[in-house]
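Peer 1: First the structure, then my questions, so here it is.
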Amino acid sequence: MKLIKLNAINSTNTFLKELSKNATLEDFTVVITKNQTNGKGQQESVWFSEPNKNLTFSVYLDDLQLDINDKKYLNFAVSLAIFTTLKHKKIPNLAIKWPNDIVSGNKKICGILIENSIQKNCIQNSIIGIGVNVNQEIFSETIKNVTSLKNLLQKDIDLDNLLDEICLELKSQLQLLSEKKYQFLEDSYVKVLFQIDKPMMFKDTENQLFLGIIRGISETGNIIIELENDNLKEFGVKEISFA
């Protein structure tokens, strides 16, 4: 892989996106920064990271040739790569919170942002942004339910080693994707999904609370929730939140 190290940048995803417009990038080009000043998260949210303490990087994937209808499997592969890497570090109560946050208990330790370039109903290339809370110990009071590897393990983690471990596992999961082992990826993902098959509260777009049970993922990547009337209903990312 080609590794580009930057001292500070607004967003590694944005940097890679601009770079890909002006140059031919090799597959699995990685951009990492010590200080990401305007990191991007799901639904235009901002990812805050203390300089030199965390892992903030993006990976460029070229020539995926993945049917747009199968894009959820890319999300499964990326999420499982982070989950598996952290599982090896004995992180307690580890789970994937739909669609692709990695949590310990109910506290977030990693966020993922996938931005795809689509042509003729195919994902041609993708930029995978990954932010892992590693050695940061104190977080803003405005950010709820967040923690770090150091807080969980009570020791410092080498950032370079962790990057290598994640990239190695990511390549392994992407190999499964290229081999179209979609059912295996889905089964592995659903098995470690946060609160799967457990009653919990959700909030809809009108901020109304309701009780439901996560039962799986739909063909389009939406979450499937069993409602109190026993009906199953699909929700997209912008249609529901965890209460």
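Chain labels A, B, ... are given in the sequence in which chains occur in the structure tokens; within each chain residues are numbered consecutively from 1, and ligands are likewise numbered from 1 in the order shown.
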Pull the strand (DSSP E or B) assignments for stretch 108-148 of chain A out of DSSP run on the backbone, and list those residues as a list in words.

Peer 2: Lys108, Ile109, Cys110, Gly111, Ile112, Leu113, Ile114, Glu115, Asn116, Ser117, Ile118, Gln119, Cys122, Ile123, Gln124, Asn125, Ser126, Ile127, Ile128, Gly129, Ile130, Gly131, Val132 and Val146 of chain A

Peer 1: Mind checking which residues fall within 8 Å of stretch 124-127 of chain A, counting only C-alpha atoms, ignoring those fewer than 2 positions away in the same chain, and posting them as a ChimeraX atom specification?

Peer 2: /A:13,16-17,58-66,114-119,122,129

Peer 1: Dump N, CA and C atoms for the selected residues as a CSV table (one decimal), in the first residue's frame?

Peer 2:
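Below is the file that was written, part-v3.csv:
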chain,number,residue,atom,x,y,z
A,13,ASN,N,-10.6,12.3,4.1
A,13,ASN,CA,-11.5,11.9,3.0
A,13,ASN,C,-11.5,13.0,2.0
A,16,LEU,N,-8.2,13.0,0.0
A,16,LEU,CA,-8.1,11.9,-0.9
A,16,LEU,C,-9.0,12.1,-2.1
A,17,LYS,N,-10.2,12.7,-1.9
A,17,LYS,CA,-11.2,12.9,-2.9
A,17,LYS,C,-10.6,13.9,-4.0
A,58,SER,N,-7.8,7.7,5.9
A,58,SER,CA,-8.7,7.3,4.8
A,58,SER,C,-8.0,6.3,3.9
A,59,VAL,N,-8.7,5.4,3.3
A,59,VAL,CA,-8.2,4.4,2.3
A,59,VAL,C,-8.9,4.6,1.0
A,60,TYR,N,-8.2,4.7,-0.1
A,60,TYR,CA,-8.7,4.7,-1.4
A,60,TYR,C,-8.8,3.3,-2.0
A,61,LEU,N,-9.9,2.9,-2.4
A,61,LEU,CA,-10.1,1.6,-3.1
A,61,LEU,C,-10.5,1.8,-4.5
A,62,ASP,N,-9.7,1.3,-5.4
A,62,ASP,CA,-9.9,1.5,-6.9
A,62,ASP,C,-10.5,0.3,-7.5
A,63,ASP,N,-11.2,0.5,-8.6
A,63,ASP,CA,-11.8,-0.5,-9.5
A,63,ASP,C,-12.5,-1.6,-8.7
A,64,LEU,N,-13.4,-1.2,-7.9
A,64,LEU,CA,-14.2,-2.2,-7.1
A,64,LEU,C,-15.1,-3.0,-7.9
A,65,GLN,N,-15.7,-2.3,-8.9
A,65,GLN,CA,-16.7,-3.0,-9.8
A,65,GLN,C,-17.8,-3.7,-9.0
A,66,LEU,N,-18.3,-3.0,-8.0
A,66,LEU,CA,-19.3,-3.6,-7.1
A,66,LEU,C,-20.7,-3.0,-7.5
A,114,ILE,N,-18.0,6.1,4.5
A,114,ILE,CA,-17.7,5.5,3.2
A,114,ILE,C,-18.3,6.4,2.1
A,115,GLU,N,-17.5,6.9,1.2
A,115,GLU,CA,-18.0,7.7,0.1
A,115,GLU,C,-17.6,7.0,-1.2
A,116,ASN,N,-18.7,6.7,-2.0
A,116,ASN,CA,-18.5,5.9,-3.2
A,116,ASN,C,-18.6,6.8,-4.4
A,117,SER,N,-17.9,6.4,-5.5
A,117,SER,CA,-18.0,7.0,-6.8
A,117,SER,C,-18.7,6.0,-7.7
A,118,ILE,N,-19.8,6.4,-8.2
A,118,ILE,CA,-20.7,5.4,-9.0
A,118,ILE,C,-20.8,5.8,-10.4
A,119,GLN,N,-20.6,4.7,-11.3
A,119,GLN,CA,-20.8,4.9,-12.7
A,119,GLN,C,-21.5,3.6,-13.2
A,122,CYS,N,-22.5,0.9,-10.9
A,122,CYS,CA,-21.4,0.2,-10.3
A,122,CYS,C,-20.6,1.2,-9.4
A,129,GLY,N,-13.2,6.5,5.2
A,129,GLY,CA,-12.7,7.3,6.3
A,129,GLY,C,-12.9,6.6,7.6

Peer 1: Which residues are close to A:Asn229, i.e. within 12 Å by only C-alpha atoms, leaving aside same-chain residues fewer than 6 positions away? Reply as a count of residues only.

Peer 2: 4

Peer 1: Near A:Asn75, counting only C-alpha atoms, which residues have an atom at most 8 Å away, once you skip same-chain residues fewer than 2 positions from it, shown as a CSV table (one decimal) with N, CA and C atoms, in the first residue's frame?

Peer 2:
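Okay, result-v9.csv is ready:
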chain,number,residue,atom,x,y,z
A,71,LYS,N,-23.9,-2.6,-2.3
A,71,LYS,CA,-23.0,-1.7,-1.5
A,71,LYS,C,-23.0,-2.0,0.0
A,72,LYS,N,-24.1,-2.6,0.5
A,72,LYS,CA,-24.1,-2.9,1.9
A,72,LYS,C,-22.9,-3.9,2.3
A,73,TYR,N,-22.5,-4.7,1.4
A,73,TYR,CA,-21.5,-5.7,1.7
A,73,TYR,C,-20.1,-5.0,1.9
A,77,ALA,N,-17.9,-5.4,5.2
A,77,ALA,CA,-16.4,-5.7,5.2
A,77,ALA,C,-15.6,-4.7,6.0
A,78,VAL,N,-15.9,-3.4,5.8
A,78,VAL,CA,-15.1,-2.4,6.5
A,78,VAL,C,-15.4,-2.5,8.0
A,79,SER,N,-16.6,-2.5,8.3
A,79,SER,CA,-17.0,-2.6,9.8
A,79,SER,C,-16.4,-3.8,10.4
A,99,PRO,N,-25.2,2.0,11.3
A,99,PRO,CA,-24.6,1.1,10.3
A,99,PRO,C,-23.2,0.7,10.4
A,100,ASN,N,-22.3,1.6,11.0
A,100,ASN,CA,-20.9,1.2,11.0
A,100,ASN,C,-20.1,1.9,12.1
A,114,ILE,N,-18.0,6.1,4.5
A,114,ILE,CA,-17.7,5.5,3.2
A,114,ILE,C,-18.3,6.4,2.1

Peer 1: Looking at A:Thr33, A:Thr220, A:Ser148, A:Thr85, which one is nearest to A:Ser172, with distances taken over only C-alpha atoms?

Peer 2: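 Of all the options, A:Thr85 lies closest to A:Ser172.
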
Peer 1: Write out as a VMD selection string all residues of stretch 55-240 of chain A that backbone DSSP assigns to helix (DSSP H, G or I).

Peer 2: chain A and resid 68 to 87 149 to 153 159 to 178 182 to 191 237 to 239

Peer 1: What's around A:Lys87 at 12 Å? Count only C-alpha atoms, leave out sequence neighbours fewer than 2 positions away in its own chain, and write the answer as a list in words.

Peer 2: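 Residues near the query, excluding close chain neighbours: Leu80, Ala81, Ile82, Phe83, Thr84, Thr85, Lys89, Lys90, Ile91, Pro92, Asn93, Leu94, Ala95, Ile96, Ile102, Val103, Ser104, Leu149, Glu165, Ile166, Glu169 and Val192 of chain A.
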
Peer 1: Point out the residue among A:Asn22, A:Asn121, A:Lys107, A:Val134 with the least atom-to-atom distance to A:Asn161, counting only C-alpha atoms.

Peer 2: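 Counting only C-alpha atoms, the residue closest to A:Asn161 is A:Val134.
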
Peer 1: Of the candidates A:Leu170, A:Ala8, A:Leu113, A:Leu86, which shows the shortest atom-to-atom distance to A:Ile157, using only C-alpha atoms?

Peer 2: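 Between A:Leu170, A:Ala8, A:Leu113, A:Leu86, the residue approaching A:Ile157 most closely is A:Leu86.
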
Peer 1: Could you work out how far atom CA of A:Ile123 lies from atom CA of A:Ile68, giving the answer in Å with one decimal?

Peer 2: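 Between atom CA of A:Ile68 and atom CA of A:Ile123 the gap is 5.9 Å.
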
Peer 1: Closest to A:Ser218 among A:Asp27, A:Glu234, A:Glu50, A:Asp187, using only C-alpha atoms?

Peer 2: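 Checking each candidate against A:Ser218, we get A:Glu234 as the closest.
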
Peer 1: What's the 12 Å shell around A:Ile9, counting only C-alpha atoms, without same-chain residues fewer than 5 positions away, as an NGL selection string?

Peer 2: :A and (4 or 14-16 or 31-40 or 49 or 51 or 56-58)

Peer 1: Find the residue from A:Leu176, A:Leu55, A:Asn69, A:Ile240 that sits nearest to A:Lys120; use only C-alpha atoms when measuring.

Peer 2: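 Of A:Leu176, A:Leu55, A:Asn69, A:Ile240, the one nearest A:Lys120 is A:Asn69, counting only C-alpha atoms.
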
Peer 1: To one decimal in Å, tell me the separation between atom CA of A:Glu206 and atom CA of A:Lys238.

Peer 2: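 Distance between the two atoms: 11.4 Å.
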
Peer 1: Let me make sure I understand: among A:Asp101, A:Glu18, A:Glu226, A:Glu219, which one has the smallest atom-to-atom distance to A:Met201 if we use only C-alpha atoms?

Peer 2: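 Result for the nearest residue to A:Met201: A:Glu226.
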
Peer 1: Rounded to one decimal, what separation in Å do you get between atom CA of A:Lys171 and atom CA of A:Asn151?

Peer 2: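 Atom-to-atom, atom CA of A:Lys171 to atom CA of A:Asn151, that is 27.9 Å.
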